[in-house]
$ cat work.txt   # compact mmCIF, N, CA, C and O atoms
# COMPACT_ATOMS: atom_id res chain seq x y z
N MET A 37 0.84 -1.18 0.00
CA MET A 37 0.00 0.00 0.00
C MET A 37 0.88 1.24 0.00
O MET A 37 1.90 1.31 0.67
N ALA A 38 0.47 2.27 -0.73
CA ALA A 38 1.21 3.52 -0.81
C ALA A 38 1.12 4.27 0.51
O ALA A 38 0.23 4.05 1.32
N ASP A 39 2.08 5.16 0.71
CA ASP A 39 2.05 6.01 1.90
C ASP A 39 0.77 6.83 1.89
O ASP A 39 0.30 7.25 0.83
N PRO A 40 0.22 7.11 3.06
CA PRO A 40 -0.98 7.95 3.11
C PRO A 40 -0.66 9.38 2.70
O PRO A 40 0.48 9.84 2.81
N ASN A 41 -1.66 10.07 2.19
CA ASN A 41 -1.51 11.49 1.87
C ASN A 41 -1.25 12.26 3.15
O ASN A 41 -1.74 11.89 4.21
N THR A 42 -0.49 13.34 3.05
CA THR A 42 -0.24 14.16 4.23
C THR A 42 -1.20 15.34 4.23
O THR A 42 -1.49 15.93 3.19
N VAL A 43 -1.68 15.66 5.42
CA VAL A 43 -2.67 16.72 5.60
C VAL A 43 -2.16 17.70 6.65
O VAL A 43 -1.64 17.28 7.69
N VAL A 44 -2.31 18.99 6.37
CA VAL A 44 -2.12 20.02 7.37
C VAL A 44 -3.51 20.60 7.64
O VAL A 44 -4.26 20.89 6.71
N HIS A 45 -3.84 20.74 8.91
CA HIS A 45 -5.15 21.23 9.33
C HIS A 45 -4.98 22.62 9.93
O HIS A 45 -4.08 22.85 10.72
N PHE A 46 -5.83 23.57 9.55
CA PHE A 46 -5.77 24.92 10.08
C PHE A 46 -6.97 25.17 10.99
O PHE A 46 -8.11 24.91 10.60
N LEU A 47 -6.70 25.69 12.19
CA LEU A 47 -7.76 25.99 13.16
C LEU A 47 -7.54 27.36 13.78
O LEU A 47 -6.40 27.82 13.87
N ASN A 48 -8.61 27.96 14.27
CA ASN A 48 -8.45 29.20 15.04
C ASN A 48 -8.03 28.86 16.46
O ASN A 48 -7.91 27.69 16.83
N GLN A 49 -7.81 29.89 17.26
CA GLN A 49 -7.29 29.69 18.61
C GLN A 49 -8.20 28.85 19.50
O GLN A 49 -7.73 28.05 20.31
N PHE A 50 -9.50 29.00 19.35
CA PHE A 50 -10.43 28.25 20.19
C PHE A 50 -10.35 26.76 19.87
O PHE A 50 -10.11 25.93 20.75
N PHE A 51 -10.54 26.41 18.60
CA PHE A 51 -10.53 25.00 18.22
C PHE A 51 -9.13 24.41 18.29
O PHE A 51 -8.96 23.20 18.43
N GLY A 52 -8.10 25.27 18.23
CA GLY A 52 -6.73 24.81 18.36
C GLY A 52 -6.30 24.59 19.80
O GLY A 52 -5.17 24.18 20.07
N GLY A 53 -7.20 24.89 20.75
CA GLY A 53 -6.96 24.58 22.15
C GLY A 53 -6.05 25.54 22.90
O GLY A 53 -5.52 25.19 23.95
N ILE A 54 -5.90 26.78 22.38
CA ILE A 54 -5.04 27.71 23.13
C ILE A 54 -5.84 28.77 23.88
O ILE A 54 -5.27 29.55 24.61
N GLY A 55 -7.16 28.81 23.68
CA GLY A 55 -7.98 29.76 24.43
C GLY A 55 -9.08 30.36 23.59
O GLY A 55 -9.14 30.15 22.38
N ALA A 56 -9.92 31.13 24.24
CA ALA A 56 -11.05 31.76 23.56
C ALA A 56 -10.66 33.18 23.15
O ALA A 56 -9.57 33.40 22.64
N GLU A 57 -11.54 34.14 23.41
CA GLU A 57 -11.30 35.52 22.97
C GLU A 57 -10.03 36.13 23.54
O GLU A 57 -9.41 36.98 22.91
N GLU A 58 -9.61 35.68 24.72
CA GLU A 58 -8.38 36.24 25.30
C GLU A 58 -7.14 35.87 24.49
O GLU A 58 -6.09 36.47 24.65
N GLN A 59 -7.27 34.90 23.60
CA GLN A 59 -6.15 34.49 22.74
C GLN A 59 -6.39 34.84 21.27
O GLN A 59 -5.72 34.32 20.39
N ALA A 60 -7.33 35.73 21.00
CA ALA A 60 -7.67 36.08 19.62
C ALA A 60 -6.52 36.75 18.88
O ALA A 60 -6.51 36.80 17.66
N TYR A 61 -5.53 37.26 19.61
CA TYR A 61 -4.36 37.88 18.97
C TYR A 61 -3.14 36.95 18.97
O TYR A 61 -2.03 37.41 18.70
N ALA A 62 -3.36 35.68 19.23
CA ALA A 62 -2.24 34.72 19.23
C ALA A 62 -1.68 34.58 17.82
O ALA A 62 -2.43 34.39 16.85
N PRO A 63 -0.36 34.69 17.68
CA PRO A 63 0.24 34.54 16.35
C PRO A 63 0.17 33.10 15.86
O PRO A 63 -0.16 32.18 16.61
N VAL A 64 0.51 32.92 14.62
CA VAL A 64 0.50 31.60 13.99
C VAL A 64 1.48 30.69 14.72
O VAL A 64 2.61 31.09 15.03
N GLN A 65 1.02 29.50 15.01
CA GLN A 65 1.88 28.49 15.62
C GLN A 65 1.54 27.13 15.05
O GLN A 65 0.47 26.92 14.49
N GLU A 66 2.47 26.23 15.17
CA GLU A 66 2.30 24.89 14.63
C GLU A 66 2.31 23.88 15.76
O GLU A 66 3.11 23.99 16.69
N LYS A 67 1.40 22.92 15.66
CA LYS A 67 1.36 21.81 16.61
C LYS A 67 1.47 20.52 15.80
O LYS A 67 0.87 20.39 14.74
N GLU A 68 2.24 19.60 16.32
CA GLU A 68 2.43 18.34 15.62
C GLU A 68 1.17 17.48 15.69
O GLU A 68 0.53 17.37 16.74
N GLY A 69 0.80 16.88 14.57
CA GLY A 69 -0.32 15.95 14.52
C GLY A 69 -1.67 16.64 14.62
O GLY A 69 -1.78 17.85 14.58
N PRO A 70 -2.73 15.83 14.77
CA PRO A 70 -4.08 16.39 14.87
C PRO A 70 -4.36 16.97 16.26
O PRO A 70 -3.87 16.45 17.26
N VAL A 71 -5.13 18.05 16.28
CA VAL A 71 -5.48 18.74 17.51
C VAL A 71 -7.00 18.96 17.51
O VAL A 71 -7.58 19.29 16.47
N GLY A 72 -7.62 18.83 18.67
CA GLY A 72 -9.05 19.13 18.80
C GLY A 72 -9.88 18.39 17.76
O GLY A 72 -9.81 17.16 17.65
N PRO A 73 -10.65 19.15 16.93
CA PRO A 73 -11.48 18.49 15.92
C PRO A 73 -10.67 17.75 14.86
O PRO A 73 -11.21 16.94 14.12
N GLY A 74 -9.37 18.01 14.83
CA GLY A 74 -8.50 17.27 13.91
C GLY A 74 -8.43 15.80 14.23
O GLY A 74 -8.15 14.97 13.36
N ARG A 75 -8.71 15.46 15.48
CA ARG A 75 -8.72 14.03 15.84
C ARG A 75 -9.89 13.31 15.15
O ARG A 75 -9.74 12.18 14.69
N ALA A 76 -11.04 13.97 15.09
CA ALA A 76 -12.18 13.39 14.37
C ALA A 76 -11.90 13.35 12.87
O ALA A 76 -12.27 12.40 12.18
N LEU A 77 -11.24 14.39 12.38
CA LEU A 77 -10.85 14.42 10.96
C LEU A 77 -9.94 13.24 10.67
O LEU A 77 -10.14 12.53 9.68
N GLN A 78 -8.94 13.01 11.53
CA GLN A 78 -8.03 11.88 11.32
C GLN A 78 -8.79 10.56 11.32
O GLN A 78 -8.53 9.70 10.48
N ALA A 79 -9.73 10.41 12.22
CA ALA A 79 -10.52 9.18 12.26
C ALA A 79 -11.30 8.99 10.97
O ALA A 79 -11.40 7.89 10.44
N ALA A 80 -11.85 10.08 10.44
CA ALA A 80 -12.62 10.00 9.19
C ALA A 80 -11.72 9.68 8.00
O ALA A 80 -12.14 8.98 7.08
N LEU A 81 -10.50 10.17 8.03
CA LEU A 81 -9.57 9.91 6.93
C LEU A 81 -9.03 8.49 6.95
O LEU A 81 -8.61 7.97 5.92
N GLY A 82 -9.06 7.88 8.13
CA GLY A 82 -8.56 6.51 8.26
C GLY A 82 -7.12 6.39 7.83
O GLY A 82 -6.30 7.26 8.11
N ASP A 83 -6.82 5.33 7.08
CA ASP A 83 -5.44 5.12 6.65
C ASP A 83 -5.15 5.74 5.28
O ASP A 83 -4.08 5.55 4.72
N GLN A 84 -6.10 6.50 4.77
CA GLN A 84 -5.92 7.16 3.47
C GLN A 84 -5.08 8.43 3.56
O GLN A 84 -4.51 8.87 2.56
N ALA A 85 -5.05 9.05 4.74
CA ALA A 85 -4.32 10.30 4.92
C ALA A 85 -3.94 10.45 6.38
O ALA A 85 -4.60 9.92 7.26
N ALA A 86 -2.89 11.23 6.61
CA ALA A 86 -2.42 11.47 7.98
C ALA A 86 -2.34 12.97 8.24
O ALA A 86 -1.70 13.70 7.47
N VAL A 87 -3.01 13.42 9.30
CA VAL A 87 -2.89 14.81 9.73
C VAL A 87 -1.54 14.91 10.42
O VAL A 87 -1.37 14.46 11.54
N VAL A 88 -0.57 15.49 9.73
CA VAL A 88 0.78 15.54 10.25
C VAL A 88 1.07 16.79 11.07
O VAL A 88 2.01 16.82 11.86
N SER A 89 0.25 17.82 10.86
CA SER A 89 0.49 19.09 11.54
C SER A 89 -0.80 19.89 11.61
O SER A 89 -1.66 19.79 10.73
N THR A 90 -0.91 20.70 12.66
CA THR A 90 -2.04 21.62 12.81
C THR A 90 -1.48 23.02 12.96
O THR A 90 -0.60 23.26 13.79
N ILE A 91 -1.99 23.93 12.14
CA ILE A 91 -1.62 25.33 12.25
C ILE A 91 -2.74 26.03 13.01
O ILE A 91 -3.92 25.85 12.70
N VAL A 92 -2.35 26.81 14.02
CA VAL A 92 -3.31 27.51 14.86
C VAL A 92 -2.96 28.99 14.85
O VAL A 92 -1.79 29.35 14.95
N ALA A 93 -3.99 29.84 14.74
CA ALA A 93 -3.78 31.28 14.83
C ALA A 93 -5.02 31.93 15.41
O ALA A 93 -6.14 31.46 15.21
N GLY A 94 -4.80 33.02 16.13
CA GLY A 94 -5.92 33.79 16.67
C GLY A 94 -6.71 34.45 15.56
O GLY A 94 -6.13 34.92 14.56
N ASP A 95 -8.02 34.48 15.71
CA ASP A 95 -8.89 35.12 14.70
C ASP A 95 -8.47 36.55 14.41
O ASP A 95 -8.31 36.94 13.25
N ASN A 96 -8.31 37.35 15.46
CA ASN A 96 -7.96 38.76 15.27
C ASN A 96 -6.57 38.91 14.68
O ASN A 96 -6.35 39.77 13.83
N TYR A 97 -5.64 38.10 15.12
CA TYR A 97 -4.28 38.17 14.58
C TYR A 97 -4.31 37.95 13.08
O TYR A 97 -3.71 38.71 12.32
N PHE A 98 -5.02 36.92 12.66
CA PHE A 98 -5.01 36.58 11.24
C PHE A 98 -5.67 37.67 10.40
O PHE A 98 -5.23 37.93 9.29
N THR A 99 -6.70 38.29 10.90
CA THR A 99 -7.38 39.32 10.11
C THR A 99 -6.70 40.69 10.19
O THR A 99 -6.84 41.48 9.26
N GLU A 100 -5.96 40.95 11.26
CA GLU A 100 -5.32 42.26 11.41
C GLU A 100 -3.85 42.26 11.02
O GLU A 100 -3.29 43.32 10.74
N GLU A 101 -3.23 41.11 11.03
CA GLU A 101 -1.81 40.99 10.66
C GLU A 101 -1.68 40.05 9.45
O GLU A 101 -0.93 39.08 9.47
N VAL A 102 -2.43 40.38 8.41
CA VAL A 102 -2.58 39.48 7.26
C VAL A 102 -1.24 39.06 6.66
O VAL A 102 -1.00 37.88 6.43
N GLU A 103 -0.38 40.01 6.38
CA GLU A 103 0.89 39.68 5.72
C GLU A 103 1.77 38.79 6.59
O GLU A 103 2.35 37.81 6.10
N SER A 104 1.88 39.10 7.86
CA SER A 104 2.68 38.28 8.78
C SER A 104 2.08 36.88 8.91
O SER A 104 2.80 35.88 8.91
N ALA A 105 0.76 36.82 9.03
CA ALA A 105 0.08 35.53 9.17
C ALA A 105 0.27 34.69 7.92
O ALA A 105 0.59 33.49 8.01
N LYS A 106 0.08 35.30 6.75
CA LYS A 106 0.26 34.56 5.49
C LYS A 106 1.68 34.05 5.35
O LYS A 106 1.90 32.91 4.93
N ALA A 107 2.65 34.88 5.71
CA ALA A 107 4.05 34.47 5.61
C ALA A 107 4.36 33.30 6.54
O ALA A 107 5.07 32.36 6.15
N ALA A 108 3.84 33.34 7.76
CA ALA A 108 4.08 32.26 8.71
C ALA A 108 3.44 30.95 8.24
O ALA A 108 4.07 29.88 8.33
N VAL A 109 2.23 31.04 7.72
CA VAL A 109 1.56 29.84 7.22
C VAL A 109 2.30 29.30 6.00
O VAL A 109 2.53 28.09 5.88
N ALA A 110 2.72 30.18 5.10
CA ALA A 110 3.45 29.76 3.90
C ALA A 110 4.75 29.05 4.27
O ALA A 110 5.10 28.03 3.65
N GLU A 111 5.44 29.55 5.29
CA GLU A 111 6.70 28.91 5.71
C GLU A 111 6.44 27.49 6.19
O GLU A 111 7.18 26.56 5.84
N ILE A 112 5.39 27.30 6.96
CA ILE A 112 5.06 25.96 7.45
C ILE A 112 4.70 25.05 6.29
O ILE A 112 5.18 23.92 6.20
N LEU A 113 3.86 25.54 5.39
CA LEU A 113 3.43 24.71 4.26
C LEU A 113 4.60 24.40 3.32
O LEU A 113 4.69 23.28 2.79
N ASP A 114 5.48 25.37 3.11
CA ASP A 114 6.66 25.12 2.26
C ASP A 114 7.56 24.04 2.86
O ASP A 114 8.15 23.24 2.14
N ARG A 115 7.67 24.04 4.17
CA ARG A 115 8.52 23.05 4.84
C ARG A 115 7.89 21.66 4.80
O ARG A 115 8.58 20.67 4.52
N ILE A 116 6.60 21.58 5.06
CA ILE A 116 5.94 20.28 5.14
C ILE A 116 5.57 19.73 3.76
O ILE A 116 5.64 18.54 3.52
N LYS A 117 5.17 20.61 2.86
CA LYS A 117 4.72 20.22 1.51
C LYS A 117 3.61 19.15 1.58
O LYS A 117 3.76 18.05 1.05
N PRO A 118 2.50 19.50 2.25
CA PRO A 118 1.42 18.52 2.40
C PRO A 118 0.72 18.26 1.06
O PRO A 118 0.77 19.08 0.14
N ASP A 119 0.04 17.13 1.00
CA ASP A 119 -0.78 16.83 -0.17
C ASP A 119 -2.06 17.65 -0.16
O ASP A 119 -2.61 17.94 -1.23
N MET A 120 -2.53 18.01 1.03
CA MET A 120 -3.73 18.83 1.13
C MET A 120 -3.74 19.62 2.43
O MET A 120 -3.07 19.25 3.40
N VAL A 121 -4.49 20.73 2.40
CA VAL A 121 -4.71 21.55 3.58
C VAL A 121 -6.20 21.61 3.81
O VAL A 121 -6.98 21.84 2.87
N ILE A 122 -6.61 21.39 5.04
CA ILE A 122 -8.02 21.46 5.41
C ILE A 122 -8.15 22.54 6.47
O ILE A 122 -7.43 22.53 7.47
N ALA A 123 -9.05 23.48 6.24
CA ALA A 123 -9.24 24.59 7.19
C ALA A 123 -10.59 24.47 7.86
O ALA A 123 -11.59 24.17 7.23
N GLY A 124 -10.58 24.71 9.17
CA GLY A 124 -11.81 24.79 9.92
C GLY A 124 -12.06 23.56 10.78
O GLY A 124 -11.40 22.54 10.61
N PRO A 125 -12.91 23.74 11.72
CA PRO A 125 -13.70 24.95 11.94
C PRO A 125 -12.83 26.08 12.47
O PRO A 125 -11.84 25.83 13.13
N ALA A 126 -13.22 27.28 12.11
CA ALA A 126 -12.47 28.44 12.57
C ALA A 126 -13.38 29.64 12.61
O ALA A 126 -14.41 29.67 11.98
$ encode --input "work.txt" --output "structure tokens"
Amino acid sequence: MADPNTVVHFLNQFFGGIGAEEQAYAPVQEKEGPVGPGRALQAALGDQAAVVSTIVAGDNYFTEEVESAKAAVAEILDRIKPDMVIAGPA
């Protein structure tokens, strides 16, 4: 059997498990493997794909610091080179 597809999952601060509104300005960060709802996503994907990383960012940070947020996400994606990116819930 071929290697499973690699998936990067993007979540906001709440679903990424770092906090609610008090963390809305949290910068982009990476967590290894599935986090929060990513665990259900991994279960649904089965052995067809592996959630290898989760990107988490505060809602306000991402909307107010667009260029910095985009650059941080791009750096992570360039390094991992996933087969797919799944965003949400966010």
$ closest_residue --input "work.txt" --among "A:Leu113, A:Ala56, A:Ala62, A:Ile91" --to "Pro125 in chain A" --atoms "only N, CA, C and O atoms"
A:Ile91
$ closest_residue --input "work.txt" --among "A:Asn41, A:Gln78, A:Ser104, A:Gln59" --to "Thr90 in chain A" --atoms "only C-alpha atoms"
A:Gln78
$ residues_around --input "work.txt" --residues "Asp83 in chain A" --least-positions-apart "3" --cutoff "7 Å" --atoms "all atoms listed in the file" --output "MDAnalysis selection string"
chainID A and resid 38:41 78:80 86
$ closest_residue --input "work.txt" --among "A:Val43, A:Val88, A:Ala107, A:Ile116" --to "Lys67 in chain A" --atoms "all atoms listed in the file"
A:Val88
$ atom_distance --input "work.txt" --atom1 "CA of Pro118 in chain A" --atom2 "atom C of Glu58 in chain A"
29.4 Å
$ closest_residue --input "work.txt" --among "A:Asp119, A:Gly55, A:Lys106, A:Tyr97" --to "Thr42 in chain A" --atoms "all atoms listed in the file"
A:Asp119
$ select_by_dssp --input "work.txt" --residues "range 70-125 of chain A" --states "alpha helix (DSSP H)" --output "JSON, numbers by chain"
{"A": [74, 75, 76, 77, 78, 79, 80, 81, 95, 96, 97, 98, 99, 100, 102, 103, 104, 105, 106, 107, 108, 109, 110, 111, 112, 113, 114, 115, 116]}
$ write_last_selection --input "work.txt" --atoms "N, CA, C and O atoms" --output "compact mmCIF listing (two decimals), in the coordinates of the input"
# COMPACT_ATOMS: atom_id res chain seq x y z
N GLY A 74 -9.37 18.01 14.83
CA GLY A 74 -8.50 17.27 13.91
C GLY A 74 -8.43 15.80 14.23
O GLY A 74 -8.15 14.97 13.36
N ARG A 75 -8.71 15.46 15.48
CA ARG A 75 -8.72 14.03 15.84
C ARG A 75 -9.89 13.31 15.15
O ARG A 75 -9.74 12.18 14.69
N ALA A 76 -11.04 13.97 15.09
CA ALA A 76 -12.18 13.39 14.37
C ALA A 76 -11.90 13.35 12.87
O ALA A 76 -12.27 12.40 12.18
N LEU A 77 -11.24 14.39 12.38
CA LEU A 77 -10.85 14.42 10.96
C LEU A 77 -9.94 13.24 10.67
O LEU A 77 -10.14 12.53 9.68
N GLN A 78 -8.94 13.01 11.53
CA GLN A 78 -8.03 11.88 11.32
C GLN A 78 -8.79 10.56 11.32
O GLN A 78 -8.53 9.70 10.48
N ALA A 79 -9.73 10.41 12.22
CA ALA A 79 -10.52 9.18 12.26
C ALA A 79 -11.30 8.99 10.97
O ALA A 79 -11.40 7.89 10.44
N ALA A 80 -11.85 10.08 10.44
CA ALA A 80 -12.62 10.00 9.19
C ALA A 80 -11.72 9.68 8.00
O ALA A 80 -12.14 8.98 7.08
N LEU A 81 -10.50 10.17 8.03
CA LEU A 81 -9.57 9.91 6.93
C LEU A 81 -9.03 8.49 6.95
O LEU A 81 -8.61 7.97 5.92
N ASP A 95 -8.02 34.48 15.71
CA ASP A 95 -8.89 35.12 14.70
C ASP A 95 -8.47 36.55 14.41
O ASP A 95 -8.31 36.94 13.25
N ASN A 96 -8.31 37.35 15.46
CA ASN A 96 -7.96 38.76 15.27
C ASN A 96 -6.57 38.91 14.68
O ASN A 96 -6.35 39.77 13.83
N TYR A 97 -5.64 38.10 15.12
CA TYR A 97 -4.28 38.17 14.58
C TYR A 97 -4.31 37.95 13.08
O TYR A 97 -3.71 38.71 12.32
N PHE A 98 -5.02 36.92 12.66
CA PHE A 98 -5.01 36.58 11.24
C PHE A 98 -5.67 37.67 10.40
O PHE A 98 -5.23 37.93 9.29
N THR A 99 -6.70 38.29 10.90
CA THR A 99 -7.38 39.32 10.11
C THR A 99 -6.70 40.69 10.19
O THR A 99 -6.84 41.48 9.26
N GLU A 100 -5.96 40.95 11.26
CA GLU A 100 -5.32 42.26 11.41
C GLU A 100 -3.85 42.26 11.02
O GLU A 100 -3.29 43.32 10.74
N VAL A 102 -2.43 40.38 8.41
CA VAL A 102 -2.58 39.48 7.26
C VAL A 102 -1.24 39.06 6.66
O VAL A 102 -1.00 37.88 6.43
N GLU A 103 -0.38 40.01 6.38
CA GLU A 103 0.89 39.68 5.72
C GLU A 103 1.77 38.79 6.59
O GLU A 103 2.35 37.81 6.10
N SER A 104 1.88 39.10 7.86
CA SER A 104 2.68 38.28 8.78
C SER A 104 2.08 36.88 8.91
O SER A 104 2.80 35.88 8.91
N ALA A 105 0.76 36.82 9.03
CA ALA A 105 0.08 35.53 9.17
C ALA A 105 0.27 34.69 7.92
O ALA A 105 0.59 33.49 8.01
N LYS A 106 0.08 35.30 6.75
CA LYS A 106 0.26 34.56 5.49
C LYS A 106 1.68 34.05 5.35
O LYS A 106 1.90 32.91 4.93
N ALA A 107 2.65 34.88 5.71
CA ALA A 107 4.05 34.47 5.61
C ALA A 107 4.36 33.30 6.54
O ALA A 107 5.07 32.36 6.15
N ALA A 108 3.84 33.34 7.76
CA ALA A 108 4.08 32.26 8.71
C ALA A 108 3.44 30.95 8.24
O ALA A 108 4.07 29.88 8.33
N VAL A 109 2.23 31.04 7.72
CA VAL A 109 1.56 29.84 7.22
C VAL A 109 2.30 29.30 6.00
O VAL A 109 2.53 28.09 5.88
N ALA A 110 2.72 30.18 5.10
CA ALA A 110 3.45 29.76 3.90
C ALA A 110 4.75 29.05 4.27
O ALA A 110 5.10 28.03 3.65
N GLU A 111 5.44 29.55 5.29
CA GLU A 111 6.70 28.91 5.71
C GLU A 111 6.44 27.49 6.19
O GLU A 111 7.18 26.56 5.84
N ILE A 112 5.39 27.30 6.96
CA ILE A 112 5.06 25.96 7.45
C ILE A 112 4.70 25.05 6.29
O ILE A 112 5.18 23.92 6.20
N LEU A 113 3.86 25.54 5.39
CA LEU A 113 3.43 24.71 4.26
C LEU A 113 4.60 24.40 3.32
O LEU A 113 4.69 23.28 2.79
N ASP A 114 5.48 25.37 3.11
CA ASP A 114 6.66 25.12 2.26
C ASP A 114 7.56 24.04 2.86
O ASP A 114 8.15 23.24 2.14
N ARG A 115 7.67 24.04 4.17
CA ARG A 115 8.52 23.05 4.84
C ARG A 115 7.89 21.66 4.80
O ARG A 115 8.58 20.67 4.52
N ILE A 116 6.60 21.58 5.06
CA ILE A 116 5.94 20.28 5.14
C ILE A 116 5.57 19.73 3.76
O ILE A 116 5.64 18.54 3.52
